[in-house]
Amino acid sequence: GVELAEAIRQRGLAGKVLLPGFESDLANVYGALDICLCLFGAGLGGVGRTAYEAAICGKPVIATLPGARNSRTLSHERHGLLYEPEDMQGVQDGIESLVLNPVLRKELGQRVQREIGERHAPEHSAKKIAQIYAEMLWFKKAIGLGCAK
């Protein structure tokens, strides 16, 4: 992380390339981004948190993950652009295509937000958790286990 941030600074990209994992105000970070990169090596078994955060914010994702075209979460060219971890040429081509095509960026961002982001939004998760607790309380009352209010 520190080395990556330094490499970004040395190449004159500070302020143009943001590393959300090092920022505390994610709403502002994602608001400033046009494209989100979620680049992981072969050791990760799935999509990283950045992909979900980007989806919540309606930002197109370029992600690397093993079995990229077989992801159960994201679909290539539907929710973003997915590549195998070693396919850096594909990542570069993907970045170029999204930079040069604002219509595609917008379409991917809207679709990923609608199809992935909404179900991972904090409000949705909070409602699901509240529902589980309500059902547990009802069940405990139904079987005669006392519950504190």
# chains A, B, ... in the order shown; residues from 1 in each chain; ligands from 1
>>> residues_around(residues="Ile35 of chain A", least_positions_apart="5", cutoff="12 Å", atoms="only C-alpha atoms", output="count of residues only")
34
>>> select_by_dssp(residues="segment 44-148 of chain A", states="alpha helix (DSSP H)", output="PyMOL selection string")
chain A and resi 49-56+88-100+102-112+118-120+122-142
>>> select_by_dssp(residues="segment 21-127 of chain A", states="strand (DSSP E)", output="list of chain:residue names")
A:Cys36, A:Leu37, A:Cys38, A:Leu39, A:Val61, A:Ile62, A:Ala63, A:Thr64, A:Gly80, A:Leu81, A:Leu82, A:Tyr83
>>> write_last_selection(atoms="N, CA and C atoms", output="PDB file, in the first residue's frame")
ATOM      1  N   CYS A  36     -13.627   2.451 -10.980  1.00  0.00           N
ATOM      2  CA  CYS A  36     -13.004   1.847  -9.803  1.00  0.00           C
ATOM      3  C   CYS A  36     -12.246   0.591 -10.207  1.00  0.00           C
ATOM      4  N   LEU A  37     -11.032   0.491  -9.730  1.00  0.00           N
ATOM      5  CA  LEU A  37     -10.218  -0.699  -9.966  1.00  0.00           C
ATOM      6  C   LEU A  37     -10.205  -1.537  -8.701  1.00  0.00           C
ATOM      7  N   CYS A  38     -10.412  -2.812  -8.864  1.00  0.00           N
ATOM      8  CA  CYS A  38     -10.371  -3.763  -7.762  1.00  0.00           C
ATOM      9  C   CYS A  38      -9.423  -4.867  -8.198  1.00  0.00           C
ATOM     10  N   LEU A  39      -8.138  -4.634  -7.996  1.00  0.00           N
ATOM     11  CA  LEU A  39      -7.114  -5.525  -8.544  1.00  0.00           C
ATOM     12  C   LEU A  39      -6.527  -6.397  -7.444  1.00  0.00           C
ATOM     13  N   VAL A  61     -16.757  -0.957 -12.491  1.00  0.00           N
ATOM     14  CA  VAL A  61     -15.639  -1.629 -11.855  1.00  0.00           C
ATOM     15  C   VAL A  61     -14.805  -2.362 -12.910  1.00  0.00           C
ATOM     16  N   ILE A  62     -13.506  -2.255 -12.766  1.00  0.00           N
ATOM     17  CA  ILE A  62     -12.586  -3.128 -13.476  1.00  0.00           C
ATOM     18  C   ILE A  62     -11.938  -3.956 -12.382  1.00  0.00           C
ATOM     19  N   ALA A  63     -12.127  -5.271 -12.456  1.00  0.00           N
ATOM     20  CA  ALA A  63     -11.661  -6.134 -11.377  1.00  0.00           C
ATOM     21  C   ALA A  63     -10.840  -7.295 -11.929  1.00  0.00           C
ATOM     22  N   THR A  64      -9.883  -7.717 -11.114  1.00  0.00           N
ATOM     23  CA  THR A  64      -9.175  -8.955 -11.407  1.00  0.00           C
ATOM     24  C   THR A  64      -9.558  -9.950 -10.327  1.00  0.00           C
ATOM     25  N   GLY A  80     -19.282  -4.624 -15.053  1.00  0.00           N
ATOM     26  CA  GLY A  80     -17.934  -4.065 -15.106  1.00  0.00           C
ATOM     27  C   GLY A  80     -17.114  -4.884 -16.072  1.00  0.00           C
ATOM     28  N   LEU A  81     -15.817  -4.728 -15.978  1.00  0.00           N
ATOM     29  CA  LEU A  81     -14.905  -5.477 -16.831  1.00  0.00           C
ATOM     30  C   LEU A  81     -14.049  -6.351 -15.930  1.00  0.00           C
ATOM     31  N   LEU A  82     -14.060  -7.650 -16.182  1.00  0.00           N
ATOM     32  CA  LEU A  82     -13.392  -8.618 -15.314  1.00  0.00           C
ATOM     33  C   LEU A  82     -12.268  -9.324 -16.053  1.00  0.00           C
ATOM     34  N   TYR A  83     -11.137  -9.456 -15.362  1.00  0.00           N
ATOM     35  CA  TYR A  83      -9.948 -10.057 -15.963  1.00  0.00           C
ATOM     36  C   TYR A  83      -9.281 -10.991 -14.970  1.00  0.00           C
TER      37      TYR A  83
END
>>> atom_distance(atom1="atom CA of Ile132 of chain A", atom2="atom CA of Arg111 of chain A")
28.6 Å
>>> atom_distance(atom1="atom CA of His124 of chain A", atom2="atom CA of Gly48 of chain A")
19.3 Å
